[in-house]
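Pasting target08.cif here (mmCIF, C-alpha atoms and all ligand atoms):
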```
data_query
#
loop_
_atom_site.label_atom_id
_atom_site.label_comp_id
_atom_site.auth_asym_id
_atom_site.auth_seq_id
_atom_site.Cartn_x
_atom_site.Cartn_y
_atom_site.Cartn_z
CA MET A 1 13.33 22.76 -14.15
CA GLN A 2 13.44 18.97 -13.82
CA ASN A 3 12.87 16.94 -16.98
CA GLU A 4 9.78 14.75 -17.18
CA LEU A 5 10.32 11.29 -15.66
CA LEU A 6 10.06 8.05 -17.64
CA TYR A 7 9.95 5.70 -14.68
CA GLY A 8 6.31 5.10 -13.79
CA LYS A 9 5.01 5.50 -17.35
CA THR A 10 2.78 2.74 -18.70
CA LEU A 11 3.44 1.17 -22.09
CA ASN A 12 0.65 3.27 -23.62
CA GLU A 13 2.17 6.45 -22.23
CA LEU A 14 5.59 5.45 -23.57
CA LYS A 15 4.01 4.80 -26.98
CA GLU A 16 2.61 8.32 -26.93
CA ILE A 17 6.03 9.79 -26.07
CA VAL A 18 7.72 7.81 -28.83
CA LYS A 19 5.09 8.97 -31.33
CA GLN A 20 5.52 12.62 -30.33
CA HIS A 21 9.26 12.32 -30.96
CA ASN A 22 8.83 10.56 -34.31
CA LEU A 23 10.67 7.49 -33.10
CA PRO A 24 9.81 3.96 -34.32
CA GLY A 25 6.86 2.41 -32.44
CA PHE A 26 8.89 -0.52 -31.08
CA THR A 27 11.06 1.94 -29.10
CA ALA A 28 8.29 2.15 -26.47
CA GLY A 29 8.62 -1.57 -25.66
CA GLN A 30 12.40 -1.23 -25.55
CA ILE A 31 12.19 1.65 -23.07
CA ALA A 32 9.73 -0.30 -20.86
CA ASP A 33 12.13 -3.25 -20.96
CA TRP A 34 15.05 -1.06 -19.84
CA LEU A 35 13.05 0.68 -17.13
CA TYR A 36 11.29 -2.31 -15.59
CA LYS A 37 13.21 -5.46 -16.48
CA LYS A 38 16.78 -4.27 -16.88
CA ARG A 39 16.54 -1.62 -14.17
CA ALA A 40 18.33 1.03 -16.21
CA GLU A 41 19.36 4.07 -14.21
CA SER A 42 19.89 6.40 -17.14
CA ILE A 43 18.66 6.90 -20.69
CA ASP A 44 22.26 6.63 -21.88
CA SER A 45 22.48 3.06 -20.60
CA MET A 46 19.57 1.96 -22.87
CA THR A 47 22.08 0.75 -25.42
CA ASN A 48 19.75 -0.91 -27.93
CA LEU A 49 17.99 2.38 -28.57
CA SER A 50 19.41 4.33 -31.51
CA LYS A 51 21.80 7.16 -30.66
CA LYS A 52 19.24 9.61 -32.02
CA ALA A 53 16.51 8.17 -29.80
CA ARG A 54 18.69 8.40 -26.70
CA GLN A 55 19.67 11.95 -27.52
CA LEU A 56 16.10 13.07 -28.19
CA LEU A 57 14.84 11.42 -25.01
CA SER A 58 17.68 12.82 -22.86
CA GLU A 59 16.80 16.35 -23.92
CA ASN A 60 13.31 16.05 -22.42
CA PHE A 61 13.31 13.16 -19.96
CA GLU A 62 15.21 11.37 -17.25
CA THR A 63 14.59 7.93 -15.79
CA GLY A 64 13.56 9.23 -12.36
CA VAL A 65 14.69 6.40 -10.10
CA THR A 66 15.64 7.50 -6.58
CA LEU A 67 17.56 5.65 -3.89
CA PRO A 68 16.35 5.72 -0.27
CA SER A 69 17.93 8.52 1.73
CA LYS A 70 17.81 6.78 5.09
CA VAL A 71 17.28 3.31 6.52
CA GLN A 72 16.58 2.09 10.04
CA GLU A 73 16.77 -1.56 11.07
CA SER A 74 14.73 -3.22 13.80
CA VAL A 75 16.00 -5.91 16.15
CA ASP A 76 13.57 -8.28 14.36
CA GLY A 77 15.11 -7.64 10.91
CA THR A 78 12.40 -5.26 9.66
CA LYS A 79 13.84 -2.26 7.85
CA LYS A 80 12.27 1.12 7.30
CA TYR A 81 13.35 3.08 4.26
CA LEU A 82 12.86 6.82 3.84
CA PHE A 83 12.49 8.06 0.26
CA PRO A 84 12.44 11.60 -1.04
CA ALA A 85 9.22 12.39 -2.92
CA HIS A 86 8.40 15.42 -5.01
CA LYS A 87 7.99 18.88 -3.44
CA HIS A 88 10.85 18.06 -1.00
CA LEU A 89 8.66 15.67 0.94
CA PHE A 90 9.37 12.16 2.21
CA ILE A 91 7.68 8.79 2.37
CA GLU A 92 8.42 5.51 4.10
CA ALA A 93 8.43 1.86 3.08
CA ALA A 94 8.80 -1.07 5.48
CA TYR A 95 10.69 -4.22 4.44
CA ILE A 96 9.48 -7.23 6.44
CA PRO A 97 11.43 -10.50 6.03
CA GLU A 98 9.75 -13.59 7.44
CA ASP A 99 10.95 -17.14 6.59
CA ASN A 100 10.47 -17.51 2.84
CA ARG A 101 8.32 -14.42 2.57
CA LYS A 102 9.89 -11.01 1.95
CA THR A 103 7.22 -8.33 2.02
CA LEU A 104 7.49 -4.65 1.29
CA CYS A 105 4.83 -2.36 2.73
CA ILE A 106 4.68 0.69 0.47
CA SER A 107 3.18 4.17 0.71
CA SER A 108 0.75 5.67 -1.77
CA GLN A 109 0.52 9.25 -0.46
CA VAL A 110 2.63 11.66 1.58
CA GLY A 111 0.56 11.81 4.77
CA CYS A 112 -3.17 11.08 4.63
CA LYS A 113 -6.40 13.09 4.82
CA MET A 114 -8.60 10.34 6.31
CA GLY A 115 -7.88 11.18 9.96
CA CYS A 116 -8.22 7.73 11.52
CA LEU A 117 -7.88 8.15 15.26
CA PHE A 118 -5.31 5.40 15.75
CA CYS A 119 -2.83 6.26 13.00
CA MET A 120 0.33 8.37 12.99
CA THR A 121 0.08 9.06 9.27
CA GLY A 122 -3.44 10.39 9.86
CA LYS A 123 -2.05 12.73 12.50
CA GLN A 124 0.50 14.02 10.02
CA GLY A 125 -2.31 15.24 7.73
CA PHE A 126 -2.20 15.15 3.93
CA GLN A 127 0.71 16.64 2.02
CA SER A 128 0.71 15.17 -1.45
CA GLN A 129 -0.26 12.33 -3.80
CA LEU A 130 2.48 10.02 -5.02
CA THR A 131 2.93 9.34 -8.70
CA ALA A 132 2.97 5.75 -10.01
CA GLY A 133 6.74 6.18 -10.41
CA GLU A 134 7.17 7.19 -6.77
CA ILE A 135 5.02 4.28 -5.64
CA LEU A 136 7.01 1.76 -7.70
CA ASN A 137 10.37 3.33 -6.92
CA GLN A 138 9.99 2.05 -3.33
CA ILE A 139 9.92 -1.51 -4.70
CA ARG A 140 12.64 -0.98 -7.25
CA SER A 141 15.17 0.93 -5.21
CA ILE A 142 15.65 -0.94 -1.94
CA PRO A 143 18.67 -3.27 -1.79
CA GLU A 144 16.33 -6.27 -1.25
CA SER A 145 14.26 -5.42 -4.34
CA GLU A 146 14.94 -8.63 -6.24
CA GLU A 147 14.24 -10.85 -3.22
CA LEU A 148 10.74 -9.48 -2.65
CA THR A 149 7.92 -12.02 -2.76
CA ASN A 150 5.01 -9.76 -1.75
CA VAL A 151 4.00 -6.13 -1.85
CA VAL A 152 1.30 -4.61 0.32
CA TYR A 153 -0.12 -1.14 -0.22
CA MET A 154 -0.51 -0.55 3.52
CA GLY A 155 2.05 2.16 4.23
CA MET A 156 1.40 5.88 4.40
CA GLY A 157 -1.82 7.09 2.79
CA GLU A 158 -5.13 5.65 1.62
CA PRO A 159 -4.33 3.93 -1.70
CA LEU A 160 -7.84 4.33 -3.10
CA ASP A 161 -7.71 8.09 -2.47
CA ASN A 162 -5.00 8.05 -5.14
CA ILE A 163 -6.74 5.57 -7.40
CA GLU A 164 -5.37 6.68 -10.81
CA GLU A 165 -1.72 6.43 -9.80
CA VAL A 166 -2.27 3.26 -7.77
CA LEU A 167 -3.97 1.53 -10.74
CA LYS A 168 -1.16 2.68 -12.99
CA SER A 169 1.44 1.30 -10.60
CA LEU A 170 -0.45 -2.03 -10.48
CA ASP A 171 -0.57 -2.13 -14.28
CA ILE A 172 3.21 -1.69 -14.48
CA LEU A 173 3.84 -4.13 -11.65
CA THR A 174 1.73 -6.93 -13.16
CA SER A 175 2.07 -6.50 -16.95
CA ASP A 176 4.39 -8.66 -19.04
CA TRP A 177 6.03 -5.52 -20.42
CA GLY A 178 6.51 -4.27 -16.82
CA TYR A 179 7.65 -6.24 -13.79
CA GLY A 180 5.48 -9.25 -14.61
CA TRP A 181 4.42 -9.88 -10.99
CA SER A 182 1.43 -12.09 -10.26
CA PRO A 183 -1.40 -9.95 -8.81
CA ARG A 184 -1.74 -12.68 -6.17
CA ARG A 185 1.47 -11.38 -4.58
CA ILE A 186 -0.03 -7.92 -4.11
CA ASN A 187 -2.48 -6.74 -1.48
CA VAL A 188 -4.09 -3.29 -1.51
CA SER A 189 -5.64 -1.99 1.68
CA THR A 190 -8.49 0.49 1.93
CA ILE A 191 -10.73 2.02 4.56
CA GLY A 192 -13.58 1.59 2.05
CA ILE A 193 -13.96 4.43 -0.43
CA VAL A 194 -16.75 2.75 -2.34
CA PRO A 195 -16.53 4.28 -5.89
CA ALA A 196 -12.74 3.86 -6.00
CA MET A 197 -13.07 0.37 -4.52
CA ARG A 198 -15.35 -0.58 -7.42
CA ARG A 199 -12.73 0.63 -9.89
CA PHE A 200 -10.02 -1.26 -8.08
CA ILE A 201 -12.07 -4.49 -8.10
CA GLU A 202 -12.94 -4.11 -11.78
CA GLU A 203 -9.60 -2.88 -13.11
CA SER A 204 -7.12 -4.92 -11.10
CA GLU A 205 -6.75 -8.49 -9.89
CA ALA A 206 -4.76 -7.83 -6.74
CA HIS A 207 -6.04 -8.91 -3.33
CA LEU A 208 -8.13 -6.48 -1.31
CA ALA A 209 -7.86 -5.73 2.42
CA ILE A 210 -10.53 -3.66 4.16
CA SER A 211 -9.83 -1.79 7.40
CA LEU A 212 -12.83 -2.79 9.48
CA HIS A 213 -11.93 -2.30 13.17
CA THR A 214 -15.52 -2.58 14.49
CA PRO A 215 -18.83 -3.84 13.09
CA PHE A 216 -20.78 -0.99 14.73
CA ASN A 217 -21.40 2.30 12.91
CA GLU A 218 -21.23 4.74 15.80
CA GLU A 219 -18.06 3.22 17.13
CA ARG A 220 -16.50 3.09 13.68
CA GLN A 221 -17.38 6.73 13.09
CA LYS A 222 -15.37 7.68 16.15
CA LEU A 223 -12.37 5.67 15.01
CA MET A 224 -12.62 6.36 11.27
CA PRO A 225 -14.38 9.49 9.96
CA ILE A 226 -14.90 7.78 6.56
CA GLU A 227 -17.77 5.84 8.16
CA GLN A 228 -19.87 9.02 7.86
CA VAL A 229 -19.50 8.92 4.09
CA TYR A 230 -19.36 5.19 3.33
CA SER A 231 -20.70 2.96 6.07
CA ILE A 232 -19.20 -0.47 6.63
CA GLU A 233 -22.53 -2.01 5.48
CA GLN A 234 -22.23 -0.14 2.17
CA VAL A 235 -18.68 -1.41 1.78
CA ILE A 236 -19.68 -5.00 2.47
CA GLU A 237 -22.80 -4.82 0.28
CA THR A 238 -20.57 -3.59 -2.57
CA LEU A 239 -18.25 -6.56 -2.08
CA ARG A 240 -21.24 -8.91 -2.32
CA GLU A 241 -21.93 -7.66 -5.86
CA TYR A 242 -18.67 -9.11 -7.17
CA ASP A 243 -17.47 -12.62 -7.77
CA PHE A 244 -13.89 -12.69 -6.54
CA GLY A 245 -13.21 -16.22 -7.74
CA ARG A 246 -11.22 -18.61 -5.63
CA GLN A 247 -7.86 -17.02 -6.33
CA ARG A 248 -8.58 -13.48 -5.23
CA ARG A 249 -8.61 -12.83 -1.51
CA ILE A 250 -10.62 -10.41 0.60
CA SER A 251 -9.37 -9.82 4.09
CA PHE A 252 -10.50 -7.56 6.89
CA GLU A 253 -7.99 -5.79 9.09
CA TYR A 254 -9.04 -5.42 12.70
CA ILE A 255 -6.86 -3.41 15.08
CA MET A 256 -7.75 -4.34 18.64
CA PHE A 257 -8.38 -1.60 21.21
CA GLU A 258 -8.78 -2.62 24.83
CA GLY A 259 -12.37 -2.34 26.10
CA ILE A 260 -13.55 -0.84 22.82
CA ASN A 261 -13.81 -3.44 20.08
CA ASP A 262 -12.80 -6.69 21.80
CA THR A 263 -16.02 -7.89 23.45
CA PRO A 264 -18.45 -10.80 22.82
CA ALA A 265 -20.83 -8.26 21.20
CA HIS A 266 -18.13 -7.53 18.61
CA VAL A 267 -17.69 -11.21 17.82
CA LYS A 268 -21.45 -11.41 17.27
CA GLY A 269 -21.52 -8.20 15.21
CA LEU A 270 -18.68 -9.36 12.96
CA THR A 271 -20.28 -12.75 12.42
CA LYS A 272 -23.48 -10.98 11.38
CA ILE A 273 -22.07 -8.44 8.92
CA LEU A 274 -19.62 -10.86 7.30
CA ASN A 275 -22.18 -13.63 6.91
CA GLY A 276 -21.69 -15.40 3.58
CA ILE A 277 -18.52 -13.54 2.58
CA ARG A 278 -15.50 -15.74 1.85
CA CYS A 279 -12.82 -13.84 3.72
CA ARG A 280 -10.34 -13.84 6.54
CA ILE A 281 -9.87 -11.47 9.46
CA ASN A 282 -6.41 -10.32 10.53
CA LEU A 283 -6.29 -9.18 14.12
CA ILE A 284 -3.65 -6.53 14.67
CA LYS A 285 -2.07 -5.36 17.88
CA PHE A 286 -2.56 -1.62 18.44
CA HIS A 287 0.68 0.31 18.77
CA PRO A 288 -0.01 3.32 20.99
CA ILE A 289 0.60 6.72 19.43
CA PRO A 290 1.27 10.00 21.25
CA ASP A 291 -1.71 11.91 22.71
CA SER A 292 -4.12 9.03 22.19
CA PRO A 293 -6.28 7.50 24.96
CA LEU A 294 -6.50 4.23 22.99
CA ARG A 295 -4.77 1.17 24.40
CA GLY A 296 -4.04 -2.19 22.83
CA THR A 297 -6.02 -5.32 23.79
CA PRO A 298 -3.87 -7.74 25.82
CA HIS A 299 -2.63 -10.75 23.88
CA LYS A 300 -4.73 -13.20 25.92
CA THR A 301 -7.94 -11.38 24.98
CA MET A 302 -6.82 -11.17 21.35
CA GLN A 303 -6.35 -14.94 21.36
CA TRP A 304 -9.81 -15.44 22.87
CA PHE A 305 -11.35 -13.13 20.23
CA CYS A 306 -9.49 -15.01 17.50
CA ASP A 307 -10.72 -18.40 18.77
CA GLN A 308 -14.30 -17.15 19.00
CA LEU A 309 -14.31 -15.99 15.38
CA ASN A 310 -12.68 -19.18 14.15
CA ASN A 311 -15.32 -21.17 16.05
CA LYS A 312 -17.98 -19.19 14.21
CA GLY A 313 -16.43 -20.24 10.90
CA ILE A 314 -14.56 -17.02 10.06
CA THR A 315 -10.88 -17.75 9.38
CA THR A 316 -9.05 -15.41 11.75
CA THR A 317 -5.38 -14.96 12.58
CA ILE A 318 -3.36 -12.67 14.81
CA ARG A 319 -0.84 -10.79 12.73
CA ARG A 320 2.67 -10.80 14.16
CA SER A 321 3.79 -7.31 15.04
CA ARG A 322 7.02 -6.26 13.32
CA GLY A 323 9.40 -3.33 13.54
CA GLU A 324 7.84 -1.69 16.61
CA ASP A 325 11.19 -0.35 17.86
CA ILE A 326 11.77 1.63 14.65
CA TYR A 327 8.14 2.81 14.28
CA ALA A 328 7.65 0.61 11.23
CA ALA A 329 4.72 -1.37 12.63
CA CYS A 330 1.13 -0.94 11.53
CA GLY A 331 -0.17 2.61 12.01
CA LEU A 332 3.19 4.08 13.00
CA LEU A 333 4.57 5.34 9.70
CA SER A 334 5.02 9.07 9.72
CA THR A 335 7.80 10.96 8.02
CA LYS A 336 7.56 13.67 10.66
CA ALA A 337 8.61 11.27 13.41
CA LEU A 338 11.53 9.98 11.37
CA LEU A 339 12.73 13.39 10.30
CA ASN A 340 12.44 14.70 13.84
CA ASP A 341 14.86 11.95 14.92
CA ASP A 342 17.55 13.86 13.11
CA LYS A 343 17.08 17.04 15.06
FE1 LIG B 401 -4.93 7.23 6.37
FE2 LIG B 401 -4.83 4.56 6.56
FE3 LIG B 401 -3.91 6.11 8.54
FE4 LIG B 401 -6.55 5.98 8.09
S1 LIG B 401 -5.22 4.29 8.75
S2 LIG B 401 -5.35 7.86 8.48
S3 LIG B 401 -6.58 5.77 5.85
S4 LIG B 401 -3.07 5.99 6.48
#
```
Just give me the structure of the file as structure tokens.
Ligand code: SF4
Amino acid sequence: MQNELLYGKTLNELKEIVKQHNLPGFTAGQIADWLYKKRAESIDSMTNLSKKARQLLSENFETGVTLPSKVQESVDGTKKYLFPAHKHLFIEAAYIPEDNRKTLCISSQVGCKMGCLFCMTGKQGFQSQLTAGEILNQIRSIPESEELTNVVYMGMGEPLDNIEEVLKSLDILTSDWGYGWSPRRINVSTIGIVPAMRRFIEESEAHLAISLHTPFNEERQKLMPIEQVYSIEQVIETLREYDFGRQRRISFEYIMFEGINDTPAHVKGLTKILNGIRCRINLIKFHPIPDSPLRGTPHKTMQWFCDQLNNKGITTTIRRSRGEDIYAACGLLSTKALLNDDK
């Protein structure tokens, strides 16, 4: 049986472990320092811990850091890393370099249960939650780890469907005793699970991105089954209850489907539901997936849609598509596809 893993534990959890093993209280801070600042790969390498402490810890724990098992590189420099997760499953993370910005798009679940019509991960179905350690390991274990400027929780899975582990990972990522990242460099995306979204807003300071895709309920229901549980109005009304301050950003992700959500009525509908919310809209090119009738809106129409929204006072941009050739672009992550490549 595998020992319990230290990587992914919060300072409070480490304090608990130290207490249970009758080790001095300050050992918890030392372990956190080794795990998150000094990037220790083994308990033995934590040399300022007493020999007794290292021995006791090694009997019951291991660090639990895991290197990627496969990498694919796109012609545009995007890289897709495949990581083993527990239960012999796999997840993907996409590294996206762009001028001074080096972003890693990380996964929060193996697969996803939300069934959005346009998404490969949704087609894969849900296999497992990731632990905070598995979420953070994607950031820690790629060769470009120390160059990263931004992290987005927009890979496989719905982050707020794994709220406990996602909040824990954010705590470790942003605390002084952890990685010490500014929450302003982190963006968490959700389809709008309202109770978990409240917790995220209240317990973290990271930016929030909402997958919107259409302002109209019936249409959204067809694209995203979650609309039947939490309507987009409910999501937006919830956002209105909070003061995000000037530093914290809300953005809306809008994948564009030809003839479906790219009309003047959609511009009008978006302007109406987002009235008074300080936000931006990111328009995203749809990357066709197998067995789907959906097609992407042509670039010219996307530009028109973008201009219309900007003219109405909603800051809107078209997000550059990256890593299409290696299935790393938005909506294309799926460990099944990658693993099948090997067959
Ligand atoms: Fe899940 Fe996000 Fe894909 Fe929807 S878009 S199925 S929430 S991973």
task: Report the distance between CA of Ile226 (chain A) and CA of Asn187 (chain A) in Å, rounded to one decimal place.
output: 20.7 Å
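A straight line drawn from CA of Asp171 (chain A) to CA of Glu203 (chain A) is 9.1 Å long.
With distances taken over all atoms listed in the file, A:Gln124 is the one residue among A:Gln124, A:Ser141, A:Ser175, A:Ser211 lying closest to Pro290 (chain A).
Between CA of Arg39 (chain A) and CA of Pro24 (chain A) lies a distance of 22.0 Å.
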Box for ligand LIG 401 (chain B) - axis-aligned, 6 Å on each of the six sides, all listed atoms - centre and size in Å to one decimal, as AutoDock Vina command-line options.
```
--center_x -4.8 --center_y 6.1 --center_z 7.3 --size_x 15.5 --size_y 15.6 --size_z 14.9
```
message: List as a PyMOL selection string the residues having at least one atom at most 7 Å from position (14.4, 1.9, 7.9) as given in the file, counting all atoms listed in the file.
response: chain A and resi 70-73+79-82+94
Environment of ligand LIG 401 (chain B) within 7 Å, counting only C-alpha atoms and all ligand atoms, reported as a CSV table (one decimal) with C-alpha atoms, in the coordinates of the input:
```csv
chain,number,residue,atom,x,y,z
A,112,CYS,CA,-3.2,11.1,4.6
A,113,LYS,CA,-6.4,13.1,4.8
A,114,MET,CA,-8.6,10.3,6.3
A,115,GLY,CA,-7.9,11.2,10.0
A,116,CYS,CA,-8.2,7.7,11.5
A,119,CYS,CA,-2.8,6.3,13.0
A,120,MET,CA,0.3,8.4,13.0
A,121,THR,CA,0.1,9.1,9.3
A,122,GLY,CA,-3.4,10.4,9.9
A,155,GLY,CA,2.0,2.2,4.2
A,156,MET,CA,1.4,5.9,4.4
A,157,GLY,CA,-1.8,7.1,2.8
A,158,GLU,CA,-5.1,5.6,1.6
A,190,THR,CA,-8.5,0.5,1.9
A,191,ILE,CA,-10.7,2.0,4.6
A,224,MET,CA,-12.6,6.4,11.3
A,331,GLY,CA,-0.2,2.6,12.0
```
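Nearest to Asp76 (chain A) of all the residues A:Ile139, A:Glu98, A:Gln228, A:Asn60 is A:Glu98, based on only C-alpha atoms.
Each of A:Phe90, A:Tyr254, A:Phe118, A:Tyr95 was compared to Asn282 (chain A) using all atoms listed in the file, and A:Tyr254 turns out to be the nearest.
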task: Name the residues in contact with Tyr153 (chain A) at a cut-off of 7 Å, using all atoms listed in the file, excluding same-chain residues fewer than 6 positions from it; report them as a ChimeraX atom specification.
output: /A:105-107,159,187-189
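Non-sequential neighbours of Gly259 (chain A) (distance at most 10 Å, separation of 2 or more positions within a chain, only C-alpha atoms) are Met256, Phe257, Asn261, Asp262, Thr263, Leu294, Arg295, Gly296 and Thr297 of chain A.
Take the candidates A:Val151, A:Leu309, A:Glu253, A:Ile281 and check each one against Val267 (chain A) using only C-alpha atoms; the shortest distance goes to A:Leu309.
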Test item: residues at most 12 Å from Pro264 (chain A), all atoms listed in the file, excluding those fewer than 2 positions along its chain, as a PyMOL selection string: chain A and resi 215+259-262+266-271+301-302+304-309
Once you have the residues from the selection above, write them out as a PDB file, in the frame of the given file, restricted to C-alpha atoms.
```
ATOM      1  CA  PRO A 215     -18.830  -3.840  13.090  1.00  0.00           C
ATOM      2  CA  GLY A 259     -12.370  -2.340  26.100  1.00  0.00           C
ATOM      3  CA  ILE A 260     -13.550  -0.840  22.820  1.00  0.00           C
ATOM      4  CA  ASN A 261     -13.810  -3.440  20.080  1.00  0.00           C
ATOM      5  CA  ASP A 262     -12.800  -6.690  21.800  1.00  0.00           C
ATOM      6  CA  HIS A 266     -18.130  -7.530  18.610  1.00  0.00           C
ATOM      7  CA  VAL A 267     -17.690 -11.210  17.820  1.00  0.00           C
ATOM      8  CA  LYS A 268     -21.450 -11.410  17.270  1.00  0.00           C
ATOM      9  CA  GLY A 269     -21.520  -8.200  15.210  1.00  0.00           C
ATOM     10  CA  LEU A 270     -18.680  -9.360  12.960  1.00  0.00           C
ATOM     11  CA  THR A 271     -20.280 -12.750  12.420  1.00  0.00           C
ATOM     12  CA  THR A 301      -7.940 -11.380  24.980  1.00  0.00           C
ATOM     13  CA  MET A 302      -6.820 -11.170  21.350  1.00  0.00           C
ATOM     14  CA  TRP A 304      -9.810 -15.440  22.870  1.00  0.00           C
ATOM     15  CA  PHE A 305     -11.350 -13.130  20.230  1.00  0.00           C
ATOM     16  CA  CYS A 306      -9.490 -15.010  17.500  1.00  0.00           C
ATOM     17  CA  ASP A 307     -10.720 -18.400  18.770  1.00  0.00           C
ATOM     18  CA  GLN A 308     -14.300 -17.150  19.000  1.00  0.00           C
ATOM     19  CA  LEU A 309     -14.310 -15.990  15.380  1.00  0.00           C
TER      20      LEU A 309
END
```
task: Have a look at A:Glu258, A:Asp44, A:Glu164, A:Glu134 and name the one nearest to Leu67 (chain A); count only C-alpha atoms.
output: A:Glu134
message: List as an NGL selection string the protein and nucleic acid residues near Pro195 (chain A), meaning an atom at most 12 Å away when all atoms listed in the file are counted, but skip any in the same chain fewer than 5 places from it.
response: :A and (160-161 or 163 or 190 or 200-202 or 229-230 or 234-235 or 238-239)
How would the residues just chosen look if you wrote them out with C-alpha atoms as a short mmCIF file (atom, residue, chain, number, x, y, z; two decimals), in the coordinates of the input?
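File written: out.cif
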```
data_model
loop_
_atom_site.label_atom_id
_atom_site.label_comp_id
_atom_site.auth_asym_id
_atom_site.auth_seq_id
_atom_site.Cartn_x
_atom_site.Cartn_y
_atom_site.Cartn_z
CA LEU A 160 -7.84 4.33 -3.10
CA ASP A 161 -7.71 8.09 -2.47
CA ILE A 163 -6.74 5.57 -7.40
CA THR A 190 -8.49 0.49 1.93
CA PHE A 200 -10.02 -1.26 -8.08
CA ILE A 201 -12.07 -4.49 -8.10
CA GLU A 202 -12.94 -4.11 -11.78
CA VAL A 229 -19.50 8.92 4.09
CA TYR A 230 -19.36 5.19 3.33
CA GLN A 234 -22.23 -0.14 2.17
CA VAL A 235 -18.68 -1.41 1.78
CA THR A 238 -20.57 -3.59 -2.57
CA LEU A 239 -18.25 -6.56 -2.08
#
```
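Nearest residue to Gln247 (chain A), choosing from A:Arg220, A:His299, A:Arg320, A:Arg185 and counting all atoms listed in the file: A:Arg185.
Residues in contact with Ile186 (chain A) at up to 7 Å, not including ones fewer than 3 positions away on its chain and judged by only C-alpha atoms, are Asn150, Val151, Val152, Pro183, Ala206 and His207 of chain A.
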Using all atoms listed in the file, what table do you get, as CSV, when you list each residue of region 162-210 of chain A with an atom no more than 12 Å from region 14-22 of chain A, its nearest pair of atoms, and their distance in Å rounded to one decimal, rows by chain then rising number?
```
residue,atom,partner,partner_atom,distance
A:Ile172,CA,A:Leu14,CA,11.8
A:Trp177,CA,A:Leu14,CA,11.4
A:Gly178,CA,A:Leu14,CA,11.9
```
